[in-house]
$ cat input_23.pdb   # PDB, C-alpha atoms
ATOM      1  CA  MET A 636       2.911 -15.073 -22.333
ATOM      2  CA  THR A 637       1.665 -14.747 -18.783
ATOM      3  CA  LEU A 638      -1.624 -13.155 -17.783
ATOM      4  CA  PHE A 639       0.231 -10.172 -16.303
ATOM      5  CA  THR A 640       2.181  -9.481 -19.502
ATOM      6  CA  ARG A 641      -1.102  -9.467 -21.425
ATOM      7  CA  VAL A 642      -2.616  -6.995 -18.913
ATOM      8  CA  TRP A 643       0.511  -4.820 -19.288
ATOM      9  CA  ILE A 644       0.200  -4.760 -23.111
ATOM     10  CA  PHE A 645      -3.514  -3.923 -22.807
ATOM     11  CA  LEU A 646      -2.699  -0.999 -20.441
ATOM     12  CA  LEU A 647      -0.036   0.303 -22.854
ATOM     13  CA  ALA A 648      -2.534   0.122 -25.718
ATOM     14  CA  LEU A 649      -5.093   2.121 -23.709
ATOM     15  CA  THR A 650      -2.404   4.746 -22.955
ATOM     16  CA  ALA A 651      -1.599   5.047 -26.674
ATOM     17  CA  LEU A 652      -5.321   5.471 -27.385
ATOM     18  CA  GLU A 653      -5.493   8.283 -24.797
ATOM     19  CA  VAL A 654      -2.565  10.144 -26.372
ATOM     20  CA  PHE A 655      -4.219   9.739 -29.796
ATOM     21  CA  LEU A 656      -7.534  11.068 -28.404
ATOM     22  CA  ALA A 657      -5.794  14.199 -27.114
ATOM     23  CA  TYR A 658      -4.827  15.145 -30.676
ATOM     24  CA  ILE A 659      -8.140  14.755 -32.491
ATOM     25  CA  HIS A 660     -10.381  17.769 -32.195
ATOM     26  CA  THR A 661     -13.224  17.057 -29.821
ATOM     27  CA  PRO A 662     -15.172  19.302 -27.440
ATOM     28  CA  LEU A 663     -13.454  19.646 -24.069
ATOM     29  CA  THR A 664     -16.171  17.846 -22.084
ATOM     30  CA  VAL A 665     -16.314  14.900 -24.513
ATOM     31  CA  MET A 666     -12.551  14.483 -24.265
ATOM     32  CA  LEU A 667     -12.655  14.770 -20.466
ATOM     33  CA  LEU A 668     -15.309  12.047 -20.222
ATOM     34  CA  ALA A 669     -13.459   9.774 -22.681
ATOM     35  CA  LEU A 670     -10.153  10.181 -20.793
ATOM     36  CA  LEU A 671     -11.837   9.633 -17.411
ATOM     37  CA  GLY A 672     -13.546   6.499 -18.751
ATOM     38  CA  LEU A 673     -10.336   5.028 -20.190
ATOM     39  CA  SER A 674      -8.373   5.881 -17.023
ATOM     40  CA  THR A 675     -11.003   4.238 -14.835
ATOM     41  CA  LEU A 676     -10.773   1.121 -17.034
ATOM     42  CA  LYS A 677      -6.980   1.111 -16.581
ATOM     43  CA  ALA A 678      -7.363   1.564 -12.815
ATOM     44  CA  VAL A 679      -9.798  -1.364 -12.661
ATOM     45  CA  TYR A 680      -7.299  -3.621 -14.472
ATOM     46  CA  ILE A 681      -4.423  -2.530 -12.200
ATOM     47  CA  VAL A 682      -6.489  -3.155  -9.052
ATOM     48  CA  ALA A 683      -7.959  -6.441 -10.314
ATOM     49  CA  TYR A 684      -4.764  -8.083 -11.627
ATOM     50  CA  PHE A 685      -1.620  -6.309 -10.381
ATOM     51  CA  MET A 686      -3.101  -5.711  -6.922
ATOM     52  CA  HIS A 687      -4.801  -9.154  -6.901
ATOM     53  CA  MET A 688      -8.221  -7.816  -5.964
ATOM     54  CA  LYS A 689      -9.869 -10.252  -8.405
ATOM     55  CA  PHE A 690      -8.587 -13.110  -6.266
ATOM     56  CA  GLU A 691      -9.538 -11.740  -2.797
ATOM     57  CA  VAL A 692     -12.679 -12.485  -0.766
ATOM     58  CA  ARG A 693     -15.749 -10.422  -1.569
ATOM     59  CA  ARG A 694     -15.949  -9.058   1.995
ATOM     60  CA  LEU A 695     -12.671  -7.139   1.441
ATOM     61  CA  ARG A 696     -14.157  -5.348  -1.581
ATOM     62  CA  TRP A 697     -17.185  -4.338   0.491
ATOM     63  CA  LEU A 698     -14.845  -2.964   3.144
ATOM     64  CA  LEU A 699     -12.662  -0.936   0.787
ATOM     65  CA  PHE A 700     -14.666   0.397  -2.131
ATOM     66  CA  PRO A 701     -17.901   2.064  -0.894
ATOM     67  CA  ALA A 702     -16.106   5.098   0.596
ATOM     68  CA  PRO A 703     -14.120   6.065  -2.542
ATOM     69  CA  ILE A 704     -17.153   5.493  -4.767
ATOM     70  CA  VAL A 705     -19.453   7.651  -2.603
ATOM     71  CA  LEU A 706     -16.773  10.360  -2.382
ATOM     72  CA  LEU A 707     -16.208  10.368  -6.152
ATOM     73  CA  LEU A 708     -19.919  10.542  -6.904
ATOM     74  CA  SER A 709     -20.521  13.396  -4.469
ATOM     75  CA  LEU A 710     -17.479  15.356  -5.683
ATOM     76  CA  LEU A 711     -18.472  14.860  -9.320
ATOM     77  CA  ALA A 712     -22.111  15.812  -8.667
ATOM     78  CA  LEU A 713     -21.564  19.427  -9.744
ATOM     79  CA  LEU A 714     -19.405  18.582 -12.776
ATOM     80  CA  PRO A 715     -22.216  19.095 -15.342
ATOM     81  CA  ASP A 716     -22.732  22.598 -13.925
ATOM     82  CA  ALA A 717     -19.011  23.337 -14.118
ATOM     83  CA  ALA A 718     -18.879  22.089 -17.701
ATOM     84  CA  ARG A 719     -21.599  24.581 -18.643
ATOM     85  CA  GLY A 720     -19.559  27.452 -17.231
ATOM     86  CA  GLN A 721     -21.553  27.895 -14.034
ATOM     87  CA  CYS A 722     -18.419  27.807 -11.867
ATOM     88  CA  VAL A 723     -16.965  30.830 -13.602
ATOM     89  CA  MET A 724     -20.252  32.731 -13.203
ATOM     90  CA  CYS A 725     -20.595  31.790  -9.572
ATOM     91  CA  GLN A 726     -17.023  32.797  -8.810
ATOM     92  CA  ARG A 727     -17.413  36.133 -10.597
ATOM     93  CA  THR A 728     -20.686  36.825  -8.814
ATOM     94  CA  ALA A 729     -19.047  36.168  -5.456
ATOM     95  CA  ALA A 730     -16.063  38.329  -6.398
ATOM     96  CA  ALA A 731     -18.345  41.190  -7.477
ATOM     97  CA  GLN A 732     -20.151  41.389  -4.117
ATOM     98  CA  ASP A 733     -19.376  44.258  -1.764
ATOM     99  CA  GLN A 734     -17.333  43.736   1.384
ATOM    100  CA  ALA A 735     -20.266  43.041   3.729
ATOM    101  CA  ARG A 736     -21.828  40.376   1.478
ATOM    102  CA  ARG A 737     -18.469  38.733   0.889
ATOM    103  CA  SER A 738     -17.798  38.433   4.611
ATOM    104  CA  SER A 739     -21.266  36.952   5.147
ATOM    105  CA  LEU A 740     -20.478  34.390   2.409
ATOM    106  CA  ASN A 741     -17.274  33.505   4.239
ATOM    107  CA  LYS A 742     -19.199  33.155   7.512
ATOM    108  CA  ALA A 743     -21.682  30.846   5.784
ATOM    109  CA  ILE A 744     -18.832  28.650   4.552
ATOM    110  CA  ALA A 745     -17.371  28.499   8.079
ATOM    111  CA  ILE A 746     -20.773  27.563   9.560
ATOM    112  CA  MET A 747     -21.280  24.836   6.937
ATOM    113  CA  ALA A 748     -17.790  23.435   7.544
ATOM    114  CA  ALA A 749     -18.072  23.376  11.347
ATOM    115  CA  PRO A 750     -20.357  20.296  11.847
ATOM    116  CA  PRO A 751     -18.304  17.822   9.770
ATOM    117  CA  ILE A 752     -15.043  19.061  11.312
ATOM    118  CA  LEU A 753     -16.474  18.763  14.849
ATOM    119  CA  LEU A 754     -17.847  15.314  14.027
ATOM    120  CA  MET A 755     -14.465  14.121  12.756
ATOM    121  CA  THR A 756     -12.685  15.599  15.790
ATOM    122  CA  GLY A 757     -15.121  13.785  18.096
ATOM    123  CA  ILE A 758     -14.587  10.474  16.314
ATOM    124  CA  LEU A 759     -10.805  10.918  16.450
ATOM    125  CA  LEU A 760     -10.864  11.783  20.172
ATOM    126  CA  ARG A 761     -13.052   8.757  20.955
ATOM    127  CA  ALA A 762     -10.810   6.509  18.865
ATOM    128  CA  ARG A 763      -7.767   7.758  20.791
ATOM    129  CA  ARG A 764      -9.365   7.246  24.161
ATOM    130  CA  ARG A 765     -10.547   3.718  23.368
ATOM    131  CA  PRO A 766      -7.749   1.627  21.938
ATOM    132  CA  THR A 767      -8.898  -1.586  20.311
ATOM    133  CA  PRO A 768      -8.465  -4.640  22.539
TER     134      PRO A 768
ATOM    135  CA  MET B 350      -6.262 -24.187  13.497
ATOM    136  CA  SER B 351      -9.906 -24.981  12.745
ATOM    137  CA  ALA B 352     -11.762 -23.282   9.907
ATOM    138  CA  ALA B 353     -13.759 -21.095  12.324
ATOM    139  CA  ALA B 354     -10.637 -19.907  14.147
ATOM    140  CA  GLU B 355      -9.066 -19.066  10.786
ATOM    141  CA  VAL B 356     -12.063 -16.856   9.941
ATOM    142  CA  VAL B 357     -11.717 -14.968  13.235
ATOM    143  CA  ALA B 358      -7.953 -14.483  12.804
ATOM    144  CA  ARG B 359      -8.270 -13.242   9.221
ATOM    145  CA  PRO B 360     -11.747 -11.777   8.787
ATOM    146  CA  PHE B 361     -10.876 -10.432   5.318
ATOM    147  CA  GLY B 362      -8.825 -13.392   4.134
ATOM    148  CA  ILE B 363      -5.519 -11.511   4.052
ATOM    149  CA  PRO B 364      -2.732 -10.866   6.617
ATOM    150  CA  SER B 365      -3.260  -7.791   8.797
ATOM    151  CA  LYS B 366      -0.259  -5.989   7.244
ATOM    152  CA  LYS B 367      -1.852  -6.295   3.839
ATOM    153  CA  LEU B 368      -5.212  -5.098   5.163
ATOM    154  CA  GLY B 369      -3.450  -2.117   6.748
ATOM    155  CA  MET B 370      -1.810  -1.243   3.429
ATOM    156  CA  TRP B 371      -5.163  -1.514   1.635
ATOM    157  CA  LEU B 372      -6.779   0.873   4.128
ATOM    158  CA  PHE B 373      -3.879   3.325   3.704
ATOM    159  CA  ILE B 374      -4.244   3.064  -0.080
ATOM    160  CA  VAL B 375      -7.953   3.869   0.107
ATOM    161  CA  SER B 376      -7.339   6.964   2.233
ATOM    162  CA  ASP B 377      -4.497   8.059  -0.048
ATOM    163  CA  ALA B 378      -6.745   7.470  -3.064
ATOM    164  CA  LEU B 379      -9.286   9.853  -1.511
ATOM    165  CA  THR B 380      -6.564  12.532  -1.198
ATOM    166  CA  PHE B 381      -5.560  12.198  -4.853
ATOM    167  CA  ALA B 382      -9.196  11.979  -6.014
ATOM    168  CA  THR B 383     -10.011  15.234  -4.215
ATOM    169  CA  LEU B 384      -6.977  17.004  -5.693
ATOM    170  CA  LEU B 385      -7.666  15.751  -9.221
ATOM    171  CA  ILE B 386     -11.353  16.646  -9.090
ATOM    172  CA  CYS B 387     -10.491  20.080  -7.694
ATOM    173  CA  TYR B 388      -8.138  20.464 -10.659
ATOM    174  CA  THR B 389     -10.877  19.353 -13.082
ATOM    175  CA  TYR B 390     -13.277  21.994 -11.731
ATOM    176  CA  LEU B 391     -10.650  24.712 -12.076
ATOM    177  CA  ARG B 392      -9.843  23.486 -15.592
ATOM    178  CA  LEU B 393     -13.484  23.592 -16.681
ATOM    179  CA  GLY B 394     -14.178  26.806 -14.786
ATOM    180  CA  SER B 395     -11.464  28.802 -16.544
ATOM    181  CA  ASP B 396     -11.916  30.138 -20.060
ATOM    182  CA  LYS B 397      -8.204  30.838 -20.520
ATOM    183  CA  TRP B 398      -6.619  27.651 -19.158
ATOM    184  CA  PRO B 399      -3.074  27.435 -20.559
ATOM    185  CA  ALA B 400      -2.104  24.627 -22.968
ATOM    186  CA  PRO B 401       1.689  24.645 -22.656
ATOM    187  CA  PHE B 402       2.426  20.989 -23.451
ATOM    188  CA  GLU B 403       3.871  20.540 -26.935
ATOM    189  CA  PHE B 404       4.142  17.054 -28.413
ATOM    190  CA  SER B 405       7.917  17.179 -28.065
ATOM    191  CA  PRO B 406       9.291  17.222 -25.419
ATOM    192  CA  SER B 407       6.388  17.302 -22.895
ATOM    193  CA  ILE B 408       3.952  14.687 -24.251
ATOM    194  CA  VAL B 409       6.753  12.384 -25.445
ATOM    195  CA  PHE B 410       8.352  12.601 -22.002
ATOM    196  CA  SER B 411       5.131  11.992 -20.097
ATOM    197  CA  SER B 412       4.187   9.077 -22.395
ATOM    198  CA  VAL B 413       7.593   7.485 -21.823
ATOM    199  CA  MET B 414       7.113   8.071 -18.069
ATOM    200  CA  THR B 415       3.783   6.205 -18.303
ATOM    201  CA  LEU B 416       5.540   3.331 -20.105
ATOM    202  CA  VAL B 417       8.300   3.253 -17.454
ATOM    203  CA  LEU B 418       5.825   3.221 -14.562
ATOM    204  CA  LEU B 419       3.621   0.509 -16.140
ATOM    205  CA  THR B 420       6.733  -1.597 -16.773
ATOM    206  CA  SER B 421       7.815  -1.120 -13.151
ATOM    207  CA  SER B 422       4.455  -2.585 -12.095
ATOM    208  CA  LEU B 423       5.163  -5.646 -14.234
ATOM    209  CA  THR B 424       8.629  -6.104 -12.686
ATOM    210  CA  MET B 425       7.010  -5.696  -9.234
ATOM    211  CA  VAL B 426       4.576  -8.531 -10.037
ATOM    212  CA  ALA B 427       7.601 -10.585 -11.143
ATOM    213  CA  ALA B 428       9.346  -9.788  -7.822
ATOM    214  CA  VAL B 429       6.390 -11.108  -5.810
ATOM    215  CA  HIS B 430       6.105 -14.217  -7.985
ATOM    216  CA  ALA B 431       9.865 -14.874  -7.785
ATOM    217  CA  THR B 432       9.937 -15.242  -3.981
ATOM    218  CA  GLU B 433      10.098 -19.034  -4.458
ATOM    219  CA  THR B 434      12.871 -19.019  -7.070
ATOM    220  CA  GLY B 435      15.117 -16.447  -5.377
ATOM    221  CA  LYS B 436      15.206 -13.726  -8.016
ATOM    222  CA  THR B 437      13.096 -11.329  -5.959
ATOM    223  CA  ILE B 438      15.893  -8.892  -5.145
ATOM    224  CA  ARG B 439      16.893  -8.609  -8.803
ATOM    225  CA  TRP B 440      13.298  -7.800  -9.807
ATOM    226  CA  LEU B 441      12.956  -5.348  -6.902
ATOM    227  CA  LEU B 442      16.101  -3.554  -8.104
ATOM    228  CA  ALA B 443      14.625  -3.403 -11.621
ATOM    229  CA  THR B 444      11.460  -1.859 -10.170
ATOM    230  CA  MET B 445      13.482   0.684  -8.184
ATOM    231  CA  PHE B 446      15.454   1.533 -11.324
ATOM    232  CA  CYS B 447      12.217   2.208 -13.230
ATOM    233  CA  GLY B 448      10.963   4.371 -10.347
ATOM    234  CA  ALA B 449      14.200   6.359 -10.274
ATOM    235  CA  ALA B 450      14.056   6.759 -14.081
ATOM    236  CA  PHE B 451      10.497   8.079 -13.735
ATOM    237  CA  VAL B 452      11.571  10.692 -11.175
ATOM    238  CA  ALA B 453      14.579  11.712 -13.315
ATOM    239  CA  LEU B 454      12.401  12.141 -16.424
ATOM    240  CA  HIS B 455       9.809  14.073 -14.452
ATOM    241  CA  LEU B 456      12.395  16.431 -12.973
ATOM    242  CA  THR B 457      13.761  17.077 -16.484
ATOM    243  CA  GLU B 458      10.229  17.906 -17.596
ATOM    244  CA  TRP B 459       9.757  20.214 -14.572
ATOM    245  CA  THR B 460      13.046  21.987 -15.333
ATOM    246  CA  HIS B 461      11.910  22.545 -18.927
ATOM    247  CA  LEU B 462       8.636  24.083 -17.694
ATOM    248  CA  ILE B 463      10.289  26.290 -15.070
ATOM    249  CA  ARG B 464      13.307  27.458 -17.113
ATOM    250  CA  ASP B 465      12.048  27.592 -20.691
ATOM    251  CA  MET B 466       8.375  28.380 -20.179
ATOM    252  CA  GLN B 467       8.490  30.421 -16.943
ATOM    253  CA  VAL B 468       5.830  28.328 -15.215
ATOM    254  CA  THR B 469       6.089  28.505 -11.411
ATOM    255  CA  PRO B 470       3.553  27.616  -8.715
ATOM    256  CA  TRP B 471       2.721  31.322  -8.447
ATOM    257  CA  SER B 472       2.724  32.693 -11.957
ATOM    258  CA  ASN B 473       2.931  31.883 -15.652
ATOM    259  CA  PRO B 474       2.890  33.812 -18.934
ATOM    260  CA  TRP B 475      -0.801  33.005 -19.589
ATOM    261  CA  GLY B 476      -2.099  34.862 -16.533
ATOM    262  CA  GLU B 477      -3.712  31.802 -14.877
ATOM    263  CA  PRO B 478      -1.574  31.338 -11.736
ATOM    264  CA  LEU B 479      -3.761  28.446 -10.524
ATOM    265  CA  PHE B 480      -2.364  26.329 -13.382
ATOM    266  CA  GLY B 481       1.089  26.232 -11.789
ATOM    267  CA  ALA B 482      -0.352  25.670  -8.324
ATOM    268  CA  VAL B 483      -2.390  22.591  -9.290
ATOM    269  CA  PHE B 484       0.213  21.258 -11.758
ATOM    270  CA  PHE B 485       3.115  21.342  -9.302
ATOM    271  CA  GLY B 486       0.862  20.376  -6.391
ATOM    272  CA  ILE B 487      -0.520  17.216  -8.006
ATOM    273  CA  THR B 488       2.590  16.057  -9.873
ATOM    274  CA  GLY B 489       4.777  16.982  -6.883
ATOM    275  CA  LEU B 490       2.695  14.920  -4.470
ATOM    276  CA  HIS B 491       2.800  12.021  -6.914
ATOM    277  CA  MET B 492       6.578  12.353  -7.361
ATOM    278  CA  LEU B 493       6.932  12.340  -3.562
ATOM    279  CA  HIS B 494       5.002   9.033  -3.529
ATOM    280  CA  VAL B 495       7.306   7.543  -6.194
ATOM    281  CA  THR B 496      10.419   8.679  -4.299
ATOM    282  CA  ALA B 497       9.075   7.255  -1.037
ATOM    283  CA  GLY B 498       8.208   4.048  -2.931
ATOM    284  CA  VAL B 499      11.768   3.638  -4.249
ATOM    285  CA  ILE B 500      13.136   4.028  -0.688
ATOM    286  CA  TYR B 501      10.471   1.641   0.669
ATOM    287  CA  LEU B 502      11.351  -0.991  -1.972
ATOM    288  CA  GLY B 503      15.032  -0.584  -1.115
ATOM    289  CA  ILE B 504      14.317  -1.258   2.567
ATOM    290  CA  VAL B 505      12.160  -4.274   1.682
ATOM    291  CA  ALA B 506      14.819  -5.640  -0.704
ATOM    292  CA  ALA B 507      17.522  -5.311   1.972
ATOM    293  CA  GLY B 508      15.264  -6.891   4.619
ATOM    294  CA  PHE B 509      14.251  -9.715   2.290
ATOM    295  CA  GLY B 510      17.900 -10.423   1.533
ATOM    296  CA  ALA B 511      18.671 -10.518   5.264
ATOM    297  CA  ARG B 512      15.611 -12.815   5.791
ATOM    298  CA  ARG B 513      14.025 -10.275   8.138
ATOM    299  CA  PHE B 514      11.147  -9.780   5.693
ATOM    300  CA  THR B 515       9.006 -12.471   4.091
ATOM    301  CA  ARG B 516       7.028 -12.896   0.890
ATOM    302  CA  ASP B 517       4.090 -11.073   2.554
ATOM    303  CA  ASP B 518       6.197  -7.939   3.071
ATOM    304  CA  VAL B 519       7.228  -7.944  -0.596
ATOM    305  CA  GLU B 520       3.590  -8.318  -1.595
ATOM    306  CA  VAL B 521       2.490  -5.415   0.673
ATOM    307  CA  ALA B 522       5.220  -3.198  -0.826
ATOM    308  CA  GLY B 523       3.943  -4.261  -4.244
ATOM    309  CA  LEU B 524       0.432  -3.072  -3.372
ATOM    310  CA  TYR B 525       1.796   0.387  -2.576
ATOM    311  CA  TRP B 526       3.849   0.450  -5.783
ATOM    312  CA  HIS B 527       0.890  -0.522  -7.996
ATOM    313  CA  PHE B 528      -1.177   2.184  -6.313
ATOM    314  CA  VAL B 529       1.413   4.834  -7.216
ATOM    315  CA  ASP B 530       1.235   3.527 -10.798
ATOM    316  CA  LEU B 531      -2.562   3.706 -10.679
ATOM    317  CA  VAL B 532      -2.553   7.352  -9.577
ATOM    318  CA  TRP B 533      -0.339   8.281 -12.526
ATOM    319  CA  MET B 534      -2.934   6.683 -14.850
ATOM    320  CA  PHE B 535      -5.205   9.572 -13.817
ATOM    321  CA  VAL B 536      -2.592  12.334 -13.538
ATOM    322  CA  PHE B 537      -1.225  11.749 -17.049
ATOM    323  CA  PRO B 538      -4.479  12.165 -19.014
ATOM    324  CA  LEU B 539      -6.046  14.799 -16.770
ATOM    325  CA  VAL B 540      -3.041  17.070 -16.249
ATOM    326  CA  TYR B 541      -1.005  16.482 -19.420
ATOM    327  CA  LEU B 542      -3.406  15.391 -22.144
ATOM    328  CA  MET B 543      -6.061  17.956 -21.140
ATOM    329  CA  ALA B 544      -3.490  20.756 -21.650
ATOM    330  CA  VAL B 545      -2.022  19.692 -25.003
ATOM    331  CA  LYS B 546      -0.996  22.566 -27.234
ATOM    332  CA  PRO B 547      -3.676  22.627 -29.943
TER     333      PRO B 547
END

$ encode --input "input_23.pdb" --output "structure tokens"
Amino acid sequence: MTLFTRVWIFLLALTALEVFLAYIHTPLTVMLLALLGLSTLKAVYIVAYFMHMKFEVRRLRWLLFPAPIVLLLSLLALLPDAARGQCVMCQRTAAAQDQARRSSLNKAIAIMAAPPILLMTGILLRARRRPTP
Amino acid sequence: MSAAAEVVARPFGIPSKKLGMWLFIVSDALTFATLLICYTYLRLGSDKWPAPFEFSPSIVFSSVMTLVLLTSSLTMVAAVHATETGKTIRWLLATMFCGAAFVALHLTEWTHLIRDMQVTPWSNPWGEPLFGAVFFGITGLHMLHVTAGVIYLGIVAAGFGARRFTRDDVEVAGLYWHFVDLVWMFVFPLVYLMAVKP
């Protein structure tokens, strides 16, 4: 049996475990963390073996992986709050504001979004103007 | 070519086509990660998130779809490894067949949701319209990737048969295909298993 067949059987086994997990009664957050953990393990095996990353030079890994990892960590930073129901509260609070406060919230979001969008636009314009040699 | 010249020509040890595909995969991974995390926040933030997926047919279907997609990754590996022995096109066709089977199964599952359970991107019987929006958004984008992948593999198979494409092109197509498989490894547990009918 080749290495790849063994990886395939391992991935199938992890999938079966996930389906089993969905049917035993666990708190929502525990199940979410277990499923995320198992899925990340599966992703690592797919990238390492099927996509050959295990056999590439280390420099390529440094090029490719920091950005997704930083993005995932920053997007997941508020997950504990969401799991405790803070998102619902926050959303309801915002929805309960009167018209003037709601529009000032919207303005705040626009102001916060402007710098990164401008920055990206600048980078894109520069990249267009200066083609690589 | 001396060793130093080799380093300059291939700073990351792989052909530039393959590097380009890797960079595309990373940016595409960011798109899917953002969508899936957005979904997770909505899921946790709602106290009446619907759980419409019964064991049969939905979970059986989606589990079989996972099996089909994982198997298609294995046949894709076989296609890349068979470039020396000349069975590449046969393995590529097997991979495309698995991809097409995945899309067919998924569309059946969609039809069941839309017709029998009245779930649309705008409304559903449980009064949580965002469920349909994120469900069809995420699975639809993934299905689009699978469909594009089947077409891509078809083009590569034809080009490889006509000797316009080389082993490298098959390998680059394989990278894309494994990535589509990888994304489903997150969509299946997060979207399906987190909404199992208790």

$ atom_distance --input "input_23.pdb" --atom1 "atom CA of Asp517 of chain B" --atom2 "atom CA of Ser421 of chain B"
19.0 Å

$ interface_residues --input "input_23.pdb" --of "chain A" --to "chain B" --cutoff "9 Å" --atoms "all atoms listed in the file" --output "VMD selection string"
chain A and resid 639 to 640 643 646 to 647 650 to 651 653 to 654 656 to 658 660 663 to 664 666 to 667 670 to 671 674 to 675 677 to 678 681 to 682 685 to 687 691 to 695 698 to 700 702 to 703 706 to 707 710 to 711 713 to 714 717 to 724 726

$ residues_around --input "input_23.pdb" --residues "segment 486-494 of chain B" --least-positions-apart "5" --cutoff "7 Å" --atoms "only C-alpha atoms" --output "MDAnalysis selection string"
chainID B and resid 384 452 529

$ atom_distance --input "input_23.pdb" --atom1 "atom CA of Thr515 of chain B" --atom2 "atom CA of Ser365 of chain B"
13.9 Å

$ atom_distance --input "input_23.pdb" --atom1 "atom CA of Ser472 of chain B" --atom2 "atom CA of Glu458 of chain B"
17.5 Å

$ resolve_selection --input "input_23.pdb" --expression "the PyMOL selection byres ((chain B and resi 438) around 8)" --output "PyMOL selection string"
chain B and resi 428+435-437+439-442+506+509-510

$ build_atoms --input "input_23.pdb" --residues "segment 372-390 of chain B" --atoms "N, CA and C atoms" --output "CSV table (one decimal), in the frame of the given file"
chain,number,residue,atom,x,y,z
B,372,LEU,N,-6.0,-0.3,3.5
B,372,LEU,CA,-6.8,0.9,4.1
B,372,LEU,C,-6.0,2.2,3.9
B,373,PHE,N,-4.7,2.1,4.0
B,373,PHE,CA,-3.9,3.3,3.7
B,373,PHE,C,-4.1,3.7,2.3
B,374,ILE,N,-4.1,2.8,1.3
B,374,ILE,CA,-4.2,3.1,-0.1
B,374,ILE,C,-5.6,3.7,-0.3
B,375,VAL,N,-6.6,3.2,0.3
B,375,VAL,CA,-8.0,3.9,0.1
B,375,VAL,C,-7.9,5.3,0.6
B,376,SER,N,-7.3,5.6,1.7
B,376,SER,CA,-7.3,7.0,2.2
B,376,SER,C,-6.5,7.9,1.3
B,377,ASP,N,-5.4,7.3,0.8
B,377,ASP,CA,-4.5,8.1,0.0
B,377,ASP,C,-5.2,8.3,-1.4
B,378,ALA,N,-6.0,7.3,-1.8
B,378,ALA,CA,-6.7,7.5,-3.1
B,378,ALA,C,-7.7,8.6,-2.9
B,379,LEU,N,-8.3,8.8,-1.7
B,379,LEU,CA,-9.3,9.9,-1.5
B,379,LEU,C,-8.6,11.2,-1.6
B,380,THR,N,-7.3,11.3,-1.1
B,380,THR,CA,-6.6,12.5,-1.2
B,380,THR,C,-6.3,12.9,-2.7
B,381,PHE,N,-5.9,11.9,-3.4
B,381,PHE,CA,-5.6,12.2,-4.9
B,381,PHE,C,-6.8,12.5,-5.6
B,382,ALA,N,-7.9,11.7,-5.3
B,382,ALA,CA,-9.2,12.0,-6.0
B,382,ALA,C,-9.7,13.4,-5.8
B,383,THR,N,-9.6,13.9,-4.5
B,383,THR,CA,-10.0,15.2,-4.2
B,383,THR,C,-9.2,16.3,-5.0
B,384,LEU,N,-7.9,16.1,-5.0
B,384,LEU,CA,-7.0,17.0,-5.7
B,384,LEU,C,-7.3,17.0,-7.2
B,385,LEU,N,-7.5,15.8,-7.8
B,385,LEU,CA,-7.7,15.8,-9.2
B,385,LEU,C,-9.0,16.3,-9.6
B,386,ILE,N,-10.0,16.1,-8.8
B,386,ILE,CA,-11.4,16.6,-9.1
B,386,ILE,C,-11.4,18.2,-8.9
B,387,CYS,N,-10.7,18.6,-7.9
B,387,CYS,CA,-10.5,20.1,-7.7
B,387,CYS,C,-9.8,20.7,-8.9
B,388,TYR,N,-8.8,20.0,-9.4
B,388,TYR,CA,-8.1,20.5,-10.7
B,388,TYR,C,-9.1,20.5,-11.8
B,389,THR,N,-9.9,19.4,-12.0
B,389,THR,CA,-10.9,19.4,-13.1
B,389,THR,C,-11.9,20.5,-13.0
B,390,TYR,N,-12.4,20.9,-11.8
B,390,TYR,CA,-13.3,22.0,-11.7
B,390,TYR,C,-12.6,23.3,-12.2
